[in-house]
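Novice: My file is work-v8.cif. It has mmCIF, C-alpha atoms:
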data_work
#
loop_
_atom_site.label_atom_id
_atom_site.label_comp_id
_atom_site.auth_asym_id
_atom_site.auth_seq_id
_atom_site.Cartn_x
_atom_site.Cartn_y
_atom_site.Cartn_z
CA MET A 1 0.00 0.00 0.00
CA THR A 2 1.22 3.48 -0.86
CA ASP A 3 1.87 5.62 2.23
CA LEU A 4 0.09 8.84 1.27
CA SER A 5 1.13 10.49 4.53
CA ARG A 6 4.54 10.93 2.92
CA ALA A 7 3.08 13.09 0.13
CA ALA A 8 3.66 16.75 1.03
CA GLU A 9 3.01 18.11 -2.46
CA ILE A 10 1.69 17.03 -5.86
CA ALA A 11 5.24 16.21 -7.00
CA ASP A 12 5.36 13.47 -4.36
CA LEU A 13 2.26 11.85 -5.86
CA ARG A 14 3.98 11.96 -9.23
CA ARG A 15 6.96 10.07 -7.80
CA MET A 16 4.64 7.49 -6.22
CA ALA A 17 2.77 7.01 -9.49
CA ARG A 18 6.05 6.52 -11.31
CA LYS A 19 7.00 3.69 -8.94
CA ARG A 20 3.72 1.84 -9.45
CA LEU A 21 3.09 2.27 -13.19
CA PRO A 22 4.94 0.67 -16.09
CA ARG A 23 7.17 3.25 -17.71
CA ALA A 24 5.08 3.41 -20.87
CA ILE A 25 1.87 4.05 -18.93
CA PHE A 26 3.49 6.65 -16.68
CA GLU A 27 4.83 8.49 -19.72
CA PHE A 28 1.37 8.39 -21.27
CA ILE A 29 0.19 10.56 -18.36
CA ASP A 30 3.35 12.59 -18.01
CA GLY A 31 4.42 13.32 -21.57
CA GLY A 32 3.57 16.12 -23.95
CA ALA A 33 3.61 16.65 -27.68
CA GLY A 34 6.69 17.31 -29.78
CA ALA A 35 9.72 18.50 -27.86
CA GLY A 36 7.63 19.19 -24.76
CA ILE A 37 8.11 22.96 -25.00
CA THR A 38 4.48 23.75 -24.24
CA ARG A 39 4.18 21.10 -21.56
CA ALA A 40 7.13 22.69 -19.73
CA ALA A 41 5.85 26.24 -20.26
CA ASN A 42 2.53 25.35 -18.65
CA MET A 43 4.33 25.17 -15.30
CA ALA A 44 7.27 27.52 -15.92
CA ASP A 45 4.99 30.45 -16.76
CA PHE A 46 3.32 30.12 -13.35
CA GLU A 47 6.76 30.30 -11.74
CA ARG A 48 7.49 33.62 -13.45
CA LEU A 49 4.60 35.27 -11.61
CA SER A 50 5.18 36.66 -8.11
CA LEU A 51 2.57 37.20 -5.41
CA MET A 52 2.29 40.41 -3.41
CA PRO A 53 1.19 39.80 0.20
CA ARG A 54 -0.50 42.38 2.42
CA MET A 55 -0.14 42.52 6.19
CA GLY A 56 -2.35 43.49 9.11
CA VAL A 57 -5.39 41.56 7.84
CA ASP A 58 -7.54 39.12 9.84
CA VAL A 59 -6.95 35.78 8.13
CA SER A 60 -7.98 33.54 11.01
CA ALA A 61 -10.63 31.92 8.79
CA CYS A 62 -10.03 32.06 5.04
CA ASP A 63 -12.77 31.24 2.54
CA THR A 64 -11.54 29.14 -0.38
CA GLY A 65 -15.01 28.84 -1.93
CA ALA A 66 -16.02 29.81 -5.44
CA THR A 67 -19.11 29.84 -7.64
CA ILE A 68 -18.70 27.67 -10.71
CA LEU A 69 -21.46 27.85 -13.32
CA GLY A 70 -23.98 29.00 -10.76
CA ARG A 71 -23.11 26.49 -8.05
CA ARG A 72 -21.17 27.25 -4.89
CA THR A 73 -18.19 24.96 -4.29
CA PRO A 74 -15.80 24.82 -1.33
CA LEU A 75 -12.84 24.97 -3.72
CA PRO A 76 -12.27 26.66 -7.10
CA LEU A 77 -11.30 23.28 -8.52
CA ILE A 78 -12.63 20.87 -11.17
CA LEU A 79 -11.26 17.44 -12.01
CA ALA A 80 -10.48 17.73 -15.71
CA PRO A 81 -11.56 15.23 -18.38
CA THR A 82 -8.76 12.70 -18.86
CA GLY A 83 -8.96 9.76 -21.20
CA LEU A 84 -8.40 6.18 -20.03
CA ALA A 85 -8.25 6.92 -16.29
CA GLY A 86 -9.25 3.30 -15.72
CA LEU A 87 -5.96 2.26 -17.27
CA PHE A 88 -4.03 3.80 -14.37
CA TRP A 89 -6.13 2.26 -11.58
CA PRO A 90 -8.99 -0.26 -11.83
CA GLU A 91 -12.30 1.62 -12.14
CA GLY A 92 -10.29 4.83 -12.14
CA GLU A 93 -13.11 7.09 -13.32
CA GLN A 94 -15.39 5.81 -10.57
CA ALA A 95 -12.67 6.42 -7.97
CA ALA A 96 -12.12 9.97 -9.24
CA VAL A 97 -15.80 10.96 -9.30
CA ARG A 98 -16.28 9.66 -5.75
CA ALA A 99 -13.28 11.68 -4.54
CA ALA A 100 -14.57 14.80 -6.30
CA HIS A 101 -18.02 14.35 -4.77
CA ALA A 102 -16.53 13.91 -1.30
CA ALA A 103 -14.67 17.21 -1.78
CA GLY A 104 -17.75 18.97 -3.16
CA ILE A 105 -16.18 19.82 -6.52
CA PRO A 106 -17.20 19.01 -10.12
CA PHE A 107 -15.88 16.00 -12.01
CA CYS A 108 -15.73 16.08 -15.81
CA LEU A 109 -15.85 12.68 -17.51
CA SER A 110 -13.93 12.23 -20.75
CA ALA A 111 -15.77 10.71 -23.70
CA ASN A 112 -12.67 8.50 -24.04
CA SER A 113 -13.08 7.00 -20.58
CA VAL A 114 -12.72 3.35 -19.66
CA ALA A 115 -15.89 3.41 -17.56
CA SER A 116 -19.10 4.30 -19.35
CA ILE A 117 -21.31 7.32 -18.79
CA GLU A 118 -23.71 5.06 -16.93
CA GLU A 119 -21.09 3.40 -14.73
CA VAL A 120 -19.69 6.73 -13.56
CA ALA A 121 -23.18 8.07 -12.87
CA SER A 122 -23.95 4.99 -10.76
CA ALA A 123 -20.69 5.38 -8.83
CA ALA A 124 -21.66 8.84 -7.53
CA PRO A 125 -25.30 9.66 -8.34
CA GLU A 126 -25.30 12.93 -6.37
CA ALA A 127 -22.00 14.25 -7.72
CA GLU A 128 -21.73 17.40 -9.83
CA ARG A 129 -20.85 15.67 -13.10
CA TRP A 130 -19.87 17.22 -16.43
CA PHE A 131 -19.43 15.34 -19.69
CA GLN A 132 -16.61 16.16 -22.10
CA PHE A 133 -17.48 15.60 -25.75
CA TYR A 134 -15.41 15.44 -28.93
CA PHE A 135 -17.10 16.08 -32.25
CA LEU A 136 -18.11 12.91 -34.09
CA LYS A 137 -18.75 12.24 -37.76
CA ASP A 138 -21.89 10.25 -37.05
CA PRO A 139 -24.79 12.54 -36.03
CA GLY A 140 -26.73 9.55 -34.75
CA LEU A 141 -23.89 8.56 -32.42
CA THR A 142 -23.63 12.18 -31.29
CA SER A 143 -27.32 12.28 -30.42
CA ARG A 144 -27.20 8.98 -28.56
CA MET A 145 -24.18 10.02 -26.51
CA LEU A 146 -25.70 13.39 -25.60
CA GLU A 147 -28.93 11.67 -24.61
CA ARG A 148 -27.06 9.18 -22.45
CA ALA A 149 -25.21 11.97 -20.64
CA ARG A 150 -28.36 14.06 -20.20
CA GLY A 151 -30.40 11.08 -19.06
CA ASN A 152 -27.78 10.11 -16.48
CA GLY A 153 -27.62 13.47 -14.76
CA TYR A 154 -24.56 15.11 -16.28
CA ARG A 155 -25.34 18.80 -15.81
CA VAL A 156 -22.75 20.45 -18.06
CA LEU A 157 -21.49 19.58 -21.55
CA CYS A 158 -17.80 20.33 -22.12
CA LEU A 159 -17.22 20.78 -25.85
CA THR A 160 -13.54 20.28 -26.64
CA LEU A 161 -12.21 21.95 -29.79
CA ASP A 162 -8.47 21.22 -29.77
CA LEU A 163 -8.51 17.59 -30.95
CA ALA A 164 -9.15 17.78 -34.69
CA GLN A 165 -6.50 15.08 -34.77
CA GLN A 166 -4.16 13.72 -32.13
CA GLY A 167 -0.92 15.55 -31.53
CA LYS A 168 2.48 13.94 -32.07
CA ARG A 169 3.30 12.48 -28.66
CA HIS A 170 6.74 10.98 -29.11
CA HIS A 171 6.81 9.10 -25.81
CA ASP A 172 3.64 7.27 -26.78
CA LEU A 173 4.96 6.46 -30.24
CA ARG A 174 8.21 5.06 -28.84
CA ASN A 175 6.33 3.09 -26.19
CA SER A 176 3.74 1.75 -28.64
CA ILE A 177 0.95 3.52 -26.73
CA THR A 178 -1.05 4.02 -29.88
CA VAL A 179 -4.66 3.81 -30.98
CA PRO A 180 -4.96 0.92 -31.51
CA PRO A 181 -2.27 -0.16 -29.00
CA ARG A 182 0.52 -2.47 -30.09
CA LEU A 183 2.05 -5.12 -27.84
CA THR A 184 5.79 -5.61 -28.17
CA ALA A 185 8.36 -7.54 -26.17
CA ALA A 186 9.48 -4.28 -24.58
CA THR A 187 6.00 -3.22 -23.46
CA VAL A 188 5.23 -6.68 -22.04
CA LEU A 189 8.49 -6.71 -20.08
CA ASP A 190 7.76 -3.19 -18.89
CA ALA A 191 4.40 -4.31 -17.48
CA LEU A 192 5.85 -7.40 -15.78
CA ARG A 193 8.10 -5.14 -13.70
CA ARG A 194 4.99 -3.58 -12.11
CA PRO A 195 3.01 -6.61 -10.86
CA HIS A 196 0.50 -4.61 -8.79
CA TRP A 197 -0.53 -2.57 -11.81
CA LEU A 198 -0.51 -5.64 -14.05
CA GLN A 199 -2.74 -7.60 -11.68
CA GLY A 200 -5.38 -4.86 -11.77
CA TYR A 201 -5.13 -4.52 -15.54
CA LEU A 202 -5.54 -8.25 -16.13
CA ARG A 203 -8.45 -8.49 -13.72
CA HIS A 204 -10.44 -5.52 -15.00
CA GLY A 205 -9.24 -5.00 -18.57
CA VAL A 206 -9.49 -1.77 -20.53
CA SER A 207 -11.85 -0.53 -23.20
CA PHE A 208 -13.45 2.71 -24.31
CA GLY A 209 -16.66 2.26 -22.33
CA ASN A 210 -18.64 4.96 -24.12
CA PHE A 211 -18.10 3.36 -27.51
CA GLU A 212 -18.96 -0.22 -26.65
CA SER A 213 -21.19 -1.78 -29.29
CA GLY A 214 -22.79 -4.16 -26.82
CA SER A 215 -20.91 -7.07 -28.33
CA SER A 216 -18.20 -8.93 -26.49
CA ASP A 217 -16.42 -9.65 -29.76
CA GLY A 218 -13.01 -8.12 -30.22
CA GLY A 219 -10.83 -6.51 -27.62
CA PHE A 220 -9.36 -3.17 -26.75
CA ALA A 221 -7.67 -2.84 -30.12
CA SER A 222 -10.87 -3.15 -32.15
CA ILE A 223 -12.73 -0.61 -30.00
CA ALA A 224 -9.79 1.79 -30.13
CA THR A 225 -9.67 1.49 -33.91
CA ARG A 226 -13.31 2.42 -34.06
CA VAL A 227 -12.86 5.43 -31.74
CA ALA A 228 -9.91 6.69 -33.78
CA SER A 229 -12.09 6.71 -36.89
CA LEU A 230 -15.02 8.58 -35.35
CA GLY A 231 -13.65 12.10 -34.85
CA ASP A 232 -14.88 14.89 -37.11
CA ALA A 233 -11.98 17.09 -38.22
CA SER A 234 -14.41 19.24 -40.23
CA ALA A 235 -16.22 20.52 -37.12
CA ASN A 236 -16.50 24.34 -37.03
CA TRP A 237 -18.36 26.99 -35.04
CA GLU A 238 -21.62 26.07 -36.77
CA THR A 239 -21.09 22.51 -35.54
CA VAL A 240 -20.48 23.82 -32.03
CA ALA A 241 -23.72 25.81 -32.13
CA ARG A 242 -25.68 22.83 -33.44
CA VAL A 243 -24.41 20.43 -30.77
CA ALA A 244 -24.93 23.00 -28.01
CA GLN A 245 -28.51 23.52 -29.16
CA GLU A 246 -29.14 19.77 -29.25
CA TRP A 247 -27.73 19.46 -25.74
CA GLY A 248 -30.13 22.13 -24.49
CA GLY A 249 -28.40 22.75 -21.16
CA PRO A 250 -25.33 24.48 -19.71
CA PHE A 251 -22.23 24.05 -21.84
CA VAL A 252 -18.61 25.16 -21.74
CA ILE A 253 -16.04 25.30 -24.53
CA LYS A 254 -12.58 23.91 -23.84
CA GLY A 255 -9.30 24.24 -25.69
CA LEU A 256 -9.18 27.98 -26.40
CA LEU A 257 -6.07 30.17 -26.45
CA HIS A 258 -7.01 33.04 -28.81
CA PRO A 259 -9.14 35.94 -27.54
CA ASP A 260 -11.26 35.97 -30.71
CA ASP A 261 -12.18 32.31 -30.17
CA ALA A 262 -13.20 33.14 -26.61
CA ARG A 263 -15.40 35.98 -27.87
CA ARG A 264 -17.01 33.57 -30.34
CA ALA A 265 -17.71 31.10 -27.55
CA ALA A 266 -19.29 33.83 -25.43
CA ASP A 267 -21.40 34.93 -28.41
CA LEU A 268 -22.75 31.36 -28.65
CA GLY A 269 -23.85 31.48 -25.02
CA ALA A 270 -21.20 29.25 -23.44
CA GLN A 271 -21.42 29.43 -19.65
CA ALA A 272 -17.61 29.29 -19.49
CA VAL A 273 -14.55 29.22 -21.71
CA ILE A 274 -11.75 26.92 -20.66
CA VAL A 275 -8.31 28.27 -21.49
CA SER A 276 -6.33 25.14 -22.33
CA ASN A 277 -3.71 23.65 -24.62
CA HIS A 278 -4.66 20.06 -23.73
CA GLY A 279 -1.88 19.80 -21.18
CA GLY A 280 0.73 20.43 -23.88
CA ARG A 281 -0.33 17.17 -25.54
CA GLN A 282 -1.57 18.53 -28.87
CA LEU A 283 0.31 21.30 -30.70
CA ASP A 284 3.75 22.07 -29.29
CA SER A 285 5.06 25.66 -29.07
CA VAL A 286 1.71 27.27 -28.29
CA PRO A 287 1.16 29.62 -25.33
CA SER A 288 0.59 28.26 -21.86
CA PRO A 289 -2.91 28.76 -20.46
CA ILE A 290 -1.68 31.14 -17.77
CA ALA A 291 0.05 33.26 -20.45
CA ALA A 292 -3.07 33.31 -22.64
CA LEU A 293 -5.45 33.92 -19.73
CA PRO A 294 -5.31 37.73 -19.32
CA ALA A 295 -6.18 38.49 -22.94
CA ILE A 296 -9.04 35.98 -22.92
CA ALA A 297 -10.45 37.32 -19.66
CA GLU A 298 -10.36 40.81 -21.13
CA ALA A 299 -11.93 39.64 -24.40
CA VAL A 300 -14.99 38.06 -22.80
CA GLY A 301 -15.39 40.98 -20.42
CA GLY A 302 -17.42 39.12 -17.81
CA ARG A 303 -19.99 37.80 -20.32
CA THR A 304 -18.99 34.27 -19.39
CA GLN A 305 -16.85 32.63 -16.75
CA VAL A 306 -13.23 31.80 -17.48
CA ILE A 307 -11.65 28.55 -16.29
CA LEU A 308 -7.95 27.73 -16.59
CA ASP A 309 -6.77 24.21 -17.44
CA GLY A 310 -3.10 23.31 -17.48
CA GLY A 311 0.02 23.47 -15.34
CA VAL A 312 -1.65 23.77 -11.92
CA ARG A 313 0.49 22.00 -9.33
CA ARG A 314 0.22 24.24 -6.26
CA GLY A 315 -2.28 26.30 -4.34
CA THR A 316 -0.36 29.42 -5.29
CA ASP A 317 -1.01 28.57 -8.96
CA ILE A 318 -4.74 28.77 -8.25
CA VAL A 319 -4.27 32.21 -6.70
CA LYS A 320 -2.31 33.41 -9.72
CA ALA A 321 -4.97 32.15 -12.10
CA LYS A 322 -7.68 33.99 -10.13
CA ALA A 323 -5.63 37.17 -10.14
CA LEU A 324 -5.48 37.04 -13.94
CA GLY A 325 -9.18 36.42 -14.46
CA ALA A 326 -10.01 32.72 -13.97
CA GLU A 327 -12.90 31.88 -11.67
CA ALA A 328 -11.63 28.31 -11.22
CA VAL A 329 -9.02 25.86 -12.45
CA MET A 330 -9.09 22.32 -13.81
CA VAL A 331 -6.47 19.76 -12.83
CA GLY A 332 -5.66 16.66 -14.83
CA ARG A 333 -2.20 15.22 -14.21
CA ALA A 334 -2.28 16.29 -10.57
CA PHE A 335 -5.20 14.02 -9.75
CA LEU A 336 -4.13 11.26 -12.17
CA TRP A 337 -0.83 10.89 -10.33
CA GLY A 338 -2.78 10.48 -7.10
CA LEU A 339 -5.11 8.00 -8.78
CA ALA A 340 -2.22 5.98 -10.19
CA ALA A 341 -0.47 5.95 -6.82
CA ALA A 342 -3.37 4.88 -4.60
CA GLY A 343 -6.79 4.95 -6.28
CA GLN A 344 -9.56 7.02 -4.71
CA PRO A 345 -7.53 7.94 -1.58
CA GLY A 346 -4.80 9.22 -3.90
CA VAL A 347 -7.23 11.48 -5.74
CA SER A 348 -8.55 12.76 -2.42
CA LYS A 349 -4.96 13.39 -1.34
CA ALA A 350 -4.29 15.47 -4.45
CA ILE A 351 -7.40 17.57 -3.79
CA THR A 352 -6.47 17.97 -0.12
CA LEU A 353 -2.92 19.07 -0.92
CA LEU A 354 -4.18 21.78 -3.28
CA ALA A 355 -6.88 22.85 -0.82
CA GLU A 356 -4.43 23.16 2.07
CA GLU A 357 -1.92 25.04 -0.06
CA LEU A 358 -4.63 27.43 -1.26
CA ASP A 359 -5.81 28.11 2.29
CA ASN A 360 -2.21 28.67 3.40
CA ALA A 361 -1.52 31.01 0.48
CA LEU A 362 -4.60 33.11 1.23
CA ALA A 363 -3.60 33.47 4.88
CA LEU A 364 -0.02 34.43 4.13
CA MET A 365 -1.11 36.89 1.45
CA GLY A 366 -3.55 38.67 3.71
CA GLN A 367 -6.45 37.58 1.50
CA PRO A 368 -9.32 36.21 3.63
CA ALA A 369 -11.50 35.31 0.64
CA TYR A 370 -10.50 33.66 -2.64
CA ARG A 371 -13.36 35.34 -4.51
CA ALA A 372 -11.90 38.81 -3.72
CA ILE A 373 -8.51 38.16 -5.34
CA ASP A 374 -7.70 40.45 -8.26
CA ARG A 375 -4.60 41.65 -10.10
CA SER A 376 -3.37 43.51 -7.03
CA ALA A 377 -2.44 40.07 -5.64
CA LEU A 378 0.44 39.92 -8.15
CA ALA A 379 3.68 41.84 -7.78
#
Would you give me this structure, written as structure tokens?

Specialist:
Amino acid sequence: MTDLSRAAEIADLRRMARKRLPRAIFEFIDGGAGAGITRAANMADFERLSLMPRMGVDVSACDTGATILGRRTPLPLILAPTGLAGLFWPEGEQAAVRAAHAAGIPFCLSANSVASIEEVASAAPEAERWFQFYFLKDPGLTSRMLERARGNGYRVLCLTLDLAQQGKRHHDLRNSITVPPRLTAATVLDALRRPHWLQGYLRHGVSFGNFESGSSDGGFASIATRVASLGDASANWETVARVAQEWGGPFVIKGLLHPDDARRAADLGAQAVIVSNHGGRQLDSVPSPIAALPAIAEAVGGRTQVILDGGVRRGTDIVKAKALGAEAVMVGRAFLWGLAAAGQPGVSKAITLLAEELDNALALMGQPAYRAIDRSALA
């Protein structure tokens, strides 16, 4: 069993995940596209920002709460949509949604999850659940998937625009983590070195749960081949509007870096724009979310909420994002490392670490309420 008491920061969970996962699987979480320039900038650009504390303020009880899409949450935090979470820990999506619900924060399920829409809904029926959707060529499949999410209590649709095709992720190519996956002598040997992970994988298996045909024929490779062929690279803003109208409920648009795209999303009535570069996993050498954030916040001018996704590893990162215009942040790798290290308790540990760091940062900055942070919090 992983001793989570030894984790003092998110980086410790990363080290624990690395010890438990086969190298290829760890690098699938950890790696970025191309040379990793954007993946590195996502964190480095936070480090370039300095906080400006104020003294003589009563910070005996700091309020870390936020309002996200009309709902009050104890933390300005959302668990981001991450594909194949069930590959890192058995029933990984179910573990993550339970941890999010326990913390009172939203969980966004990836369309490319191992567990299905229905399985995740059953795992935490009362949770604030969002559903992340990629554009599909088949309008019938689109309608069925939207209906499944709506019928199973997912409140918010997260339309993701930055995956017209998959980015060049060199780690995954070298490790044969492809769609469909390829088994080689090296990947098999890699897995044998991590028996605890392998035992869970062999017992539970892996598939794309939201694209199951209902037949038991074929394995992971055949389903993955089907998923890879479904994406619609021709999707445009008219497609976005059409899907949002069919959904008929709150929706957010994820994957934006340009202010004009954020304005377009606000014009369509999106309840939030999510500033994101897909964790540096799509196009390399694009701006980090924290660098793109100020211009996007200015562009939408309060017409819609702004959420930052990418590079958040510390509570101080959340403060910096709020100072530059984000109401909340999404975390992906941070909770996946906790999940890979210890399942649901690991996800809860990741959330707790960020919550404690945020509370500590507010107190030391002389900021008793997260919601009151503005640009004056930065040096």

Novice: Using 10 Å as the limit and counting all atoms listed in the file, can you tabulate each residue of region 262-325 of chain A that touches region 147-169 of chain A, with its shortest atom-to-atom distance in Å and the two atoms involved, as a tab-separated table?

Specialist:
residue	atom	partner	partner_atom	distance
A:Ala270	CA	A:Cys158	CA	9.6
A:Gln271	CA	A:Val156	CA	9.2
A:Ala272	CA	A:Cys158	CA	9.3
A:Val273	CA	A:Cys158	CA	9.5
A:Ile274	CA	A:Cys158	CA	9.1
A:Ser276	CA	A:Asp162	CA	8.7
A:Asn277	CA	A:Asp162	CA	7.4
A:His278	CA	A:Asp162	CA	7.2
A:Gly280	CA	A:Gly167	CA	9.2
A:Arg281	CA	A:Gly167	CA	6.2
A:Gln282	CA	A:Gly167	CA	4.0
A:Leu283	CA	A:Gly167	CA	5.9
A:Asp284	CA	A:Gly167	CA	8.3

Novice: May I have the residues from that selection written out with C-alpha atoms, as an mmCIF file, keeping the file's coordinate frame?

Specialist:
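For reference, selection.cif as written:
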data_model
loop_
_atom_site.group_PDB
_atom_site.id
_atom_site.type_symbol
_atom_site.label_atom_id
_atom_site.label_comp_id
_atom_site.auth_asym_id
_atom_site.auth_seq_id
_atom_site.Cartn_x
_atom_site.Cartn_y
_atom_site.Cartn_z
ATOM 1 C CA ALA A 270 -21.200 29.250 -23.440
ATOM 2 C CA GLN A 271 -21.420 29.430 -19.650
ATOM 3 C CA ALA A 272 -17.610 29.290 -19.490
ATOM 4 C CA VAL A 273 -14.550 29.220 -21.710
ATOM 5 C CA ILE A 274 -11.750 26.920 -20.660
ATOM 6 C CA SER A 276 -6.330 25.140 -22.330
ATOM 7 C CA ASN A 277 -3.710 23.650 -24.620
ATOM 8 C CA HIS A 278 -4.660 20.060 -23.730
ATOM 9 C CA GLY A 280 0.730 20.430 -23.880
ATOM 10 C CA ARG A 281 -0.330 17.170 -25.540
ATOM 11 C CA GLN A 282 -1.570 18.530 -28.870
ATOM 12 C CA LEU A 283 0.310 21.300 -30.700
ATOM 13 C CA ASP A 284 3.750 22.070 -29.290
#

Novice: Please write the residues picked by the PyMOL selection byres ((chain A and resi 87-103) around 7) on this file as a list in words.

Specialist: Leu84, Ala85, Gly86, Gly104, Ile105, Pro106, Phe107, Ala115, Val120, Ala123, Ala124, Ala127, Glu128, Gly200, Tyr201, His204, Val206, Leu339, Ala340, Gly343, Gln344, Val347 and Ser348 of chain A

Novice: Using only C-alpha atoms, which residues sit within 12 Å of region 12-15 of chain A once same-chain residues fewer than 2 positions away are excluded, as a PyMOL selection string?

Specialist: chain A and resi 2-10+17-21+26-27+29-30+313+333-343+345-351+353

Novice: Counting all atoms listed in the file, what is within 9 Å of Ala44 (chain A), bar same-chain residues fewer than 4 positions away, as a compact mmCIF listing (two decimals) with C-alpha atoms, in the frame of the given file?

Specialist:
# COMPACT_ATOMS: atom_id res chain seq x y z
CA ALA A 40 7.13 22.69 -19.73
CA ARG A 48 7.49 33.62 -13.45
CA SER A 288 0.59 28.26 -21.86
CA GLY A 311 0.02 23.47 -15.34

Novice: Of the residues A:Arg303, A:Arg263, A:Lys322, A:His170, which is the one nearest to Gly36 (chain A), using only C-alpha atoms?

Specialist: A:His170

Novice: Could you list, as a tab-separated table (two decimals) with C-alpha atoms, in the coordinates of the input, every residue within 10 Å of Asn236 (chain A), counting only C-alpha atoms and ignoring same-chain residues fewer than 4 positions away?

Specialist:
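So the final result, stored in result_0.tsv, reads:
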chain	number	residue	atom	x	y	z
A	135	PHE	CA	-17.10	16.08	-32.25
A	161	LEU	CA	-12.21	21.95	-29.79
A	232	ASP	CA	-14.88	14.89	-37.11
A	240	VAL	CA	-20.48	23.82	-32.03
A	241	ALA	CA	-23.72	25.81	-32.13
A	242	ARG	CA	-25.68	22.83	-33.44

Novice: Here is a test: counting all atoms listed in the file, which residue of A:Ile78, A:Ala379, A:Ala291, A:Leu230 is nearest to Lys137 (chain A)?

Specialist: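 Using all atoms listed in the file, Lys137 (chain A) sits closest to A:Leu230.
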
Novice: Quick one, how far is CA of Cys62 (chain A) from CA of Arg371 (chain A)?

Specialist: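 Spanning CA of Cys62 (chain A) to CA of Arg371 (chain A) is a straight-line distance of 10.6 Å.
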
Novice: Find the residue from A:Ala33, A:Leu173, A:Leu257, A:Leu358 that sits nearest to Pro287 (chain A); use all atoms listed in the file when measuring.

Specialist: A:Leu257

Novice: Dump as a list in words all residues having an atom at most 6 Å from (-0.2, 30.9, -14.1), computed in the file's coordinates with only C-alpha atoms.

Specialist: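 It turns out the residues near that spot are Asp45, Phe46, Ile290, Asp317, Lys320 and Ala321 of chain A.
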
Novice: With only C-alpha atoms as the atoms that count, which of A:Val243, A:Ala233, A:Ile296, A:Ala191 lies nearest to His258 (chain A)?

Specialist: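 For His258 (chain A), the nearest of the candidates is A:Ile296.
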
Novice: Could you list, as number ranges by chain, every residue matched by the PyMOL selection byres ((chain A and resi 315) around 6) in this structure?

Specialist: A: 314, 316-318, 354, 357-358

Novice: Those residues you just picked out, can you put them in a file as a PDB file, in the coordinates of the input with C-alpha atoms?

Specialist:
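Result file follows (out-v7.pdb):
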ATOM      1  CA  ARG A 314       0.220  24.240  -6.260  1.00  0.00           C
ATOM      2  CA  THR A 316      -0.360  29.420  -5.290  1.00  0.00           C
ATOM      3  CA  ASP A 317      -1.010  28.570  -8.960  1.00  0.00           C
ATOM      4  CA  ILE A 318      -4.740  28.770  -8.250  1.00  0.00           C
ATOM      5  CA  LEU A 354      -4.180  21.780  -3.280  1.00  0.00           C
ATOM      6  CA  GLU A 357      -1.920  25.040  -0.060  1.00  0.00           C
ATOM      7  CA  LEU A 358      -4.630  27.430  -1.260  1.00  0.00           C
TER       8      LEU A 358
END

Novice: Quick one, how far is CA of Ile25 (chain A) from CA of Met43 (chain A)?

Specialist: 21.6 Å

Novice: Residues around (-7.3, 36.2, -21.9), cut-off 9 Å, counting only C-alpha atoms - what are they as a PyMOL selection string?

Specialist: chain A and resi 257-259+262+275+289-300+306+324-325

Novice: On this structure, which residues satisfy the PyMOL selection byres ((chain A and resi 329) around 9), written as an MDAnalysis selection string?

Specialist: chainID A and resid 76:80 274 306:310 312 318 321:322 326:328 330:331
